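K.L.:
Quick one: the structure is below, and I'll ask about it shortly.
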Amino acid sequence: MAIILGIDGLEIEYVEEFGCRNLMQGSFGKTDISEFEEPRTIVLWSSFLTGKNLEKEIVAMGNERMWNFKLKAEQTFFKNFDSFKAVDVPGYNYSKEHHLRERDLLKKFFNDEITVEEFIGPMVAYHEKIKENFLADLGAGFGLLFYYFNVADVVGHVSFGVKEKMQQIYMDLDEIAGRAAAKGEPLFIISDHGMKAVGQYGDHRSEYGFWSNNLGKELGNPKITALSAFVAEEMR
């Protein structure tokens with residue numbers, strides 16, 4: 001079974017600073033997302049799945065409708081695996097209900113209607129549910145298991161400059177990576193983009209994301225669109 005951990009907004013500087021050895025694995029580095037005008041979540045994950053820059057196509061749908069964009073399995077690297085399970089992956093089967101709730105609570109936070117902890121609480125609770133399901137699926141025997149985690153991004157938007165809080169998030173993600181690595185199967189970890197601090201808040205980096213693998217493959221500074229082929233050819 002090949003395993004992919006898709007971690008939204010994972011910042012390589014914090015991965016290194018916090019000593020997240022499981023996230024770094026044997027080989028790790030930055031992806032190149034400079035071909036995209038803006039580091040939009042739905043665009044980057046869809047482009048990773050297909051190996052094609054889908055920015056123009058998706059952006060043309062408009063800010064609201066772009067979250068309705070969904071690929072078919074045969075348009076992605078999923079077609080290269082005998083069996084697969086993908087959970088909450090943007091551009092394929094992302095939970096629109098959770099996305100809308102996230103946006104609503106974020107708006108309330110910035111309008112001073114709720115506290116930062118009232119925003120973070122539901123986001124972490126959702127993450128814990130996804131984490132529990134992932135750990136249960138590790139023994140299921142799929143050809144490919146692809147889980148998406150967005151907690152580093154959503155918490156990062158309100159607290160990226162608060163290192164103590166972000167370290168808790170990163171160490172939890174490192175634990176998840178460690179549990180996956182313990183299976184002894186091919187493991188690939190990727191983020192769509194990094195994050196940078198703007199005071200206590202966080203904003204998307206537009207130049208790079210993060211990759212790592214346990215296959216001993218040094219990938220350099222690959223375009224995120226090139227990694228679809230890596231998954232299809234190296235992870236089976």
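Here's how to read the names in the structure tokens: chain A, B, ... by the order shown, residue numbers from 1 in each chain, ligand numbers from 1 in the order shown.
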Which residues are near region 157-173 of chain A? Cut-off 10 Å, only C-alpha atoms, ignore same chain within fewer than 4 positions. Put them as a PyMOL selection string.
P.N.:
chain A and resi 5+7+9-11+14-15+17-23+106+109-110+116-117+119-120+124+128+131+149+151-153+177-179+195-204
K.L.:
Leaving out Gly184 (chain A) and any residue of its chain fewer than 6 positions from it, which residues lie within 10 Å of it when counting only C-alpha atoms, given as an NGL selection string?
P.N.:
:A and (1-2 or 214)
K.L.:
Go through A:Leu215, A:Ala136, A:Ile190, A:Met123 and flag the residue nearest Leu227 (chain A), using only C-alpha atoms for the distances.
P.N.:
A:Ile190
K.L.:
I'd like to know which residues of region 52-180 of chain A are strand (DSSP E) (by DSSP, run on the backbone); could you write them as a ChimeraX atom specification?
P.N.:
/A:84-87,144-149
K.L.:
Go ahead and compute the interatomic distance for CA of Leu71 (chain A) and CA of Leu100 (chain A), in Å to one decimal.
P.N.:
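A separation of 19.7 Å between them.
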K.L.:
Considering only C-alpha atoms, return as a list in words whatever protein or nucleic-acid residues lie within 12 Å of Ala229 (chain A), sequence-local ones (same chain, fewer than 6 positions apart) excluded.
P.N.:
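The neighbour list is Ser47, Phe48, Leu49, Thr50, Gly51, Lys52, Thr76, Phe77, Phe78, Lys79, Asn80, Pro222, Lys223, Met235 and Arg236 of chain A.
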K.L.:
So which one's closest to Val43 (chain A), A:Ala140, A:Ile4, A:Leu145, A:Ile58? Using only C-alpha atoms, please.
P.N.:
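Looking only at the distances to Val43 (chain A), the closest residue turns out to be A:Ile58.
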K.L.:
Expressed in Å to a single decimal, how great is the separation between CA of Ser228 (chain A) and CA of Phe134 (chain A)?
P.N.:
21.7 Å
K.L.:
Would you mind telling me which residue in A:Gly143, A:His127, A:Leu105, A:Asn68 lies nearest to Ser83 (chain A) when using only C-alpha atoms?
P.N.:
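Among the listed residues, A:Gly143 lies closest to Ser83 (chain A).
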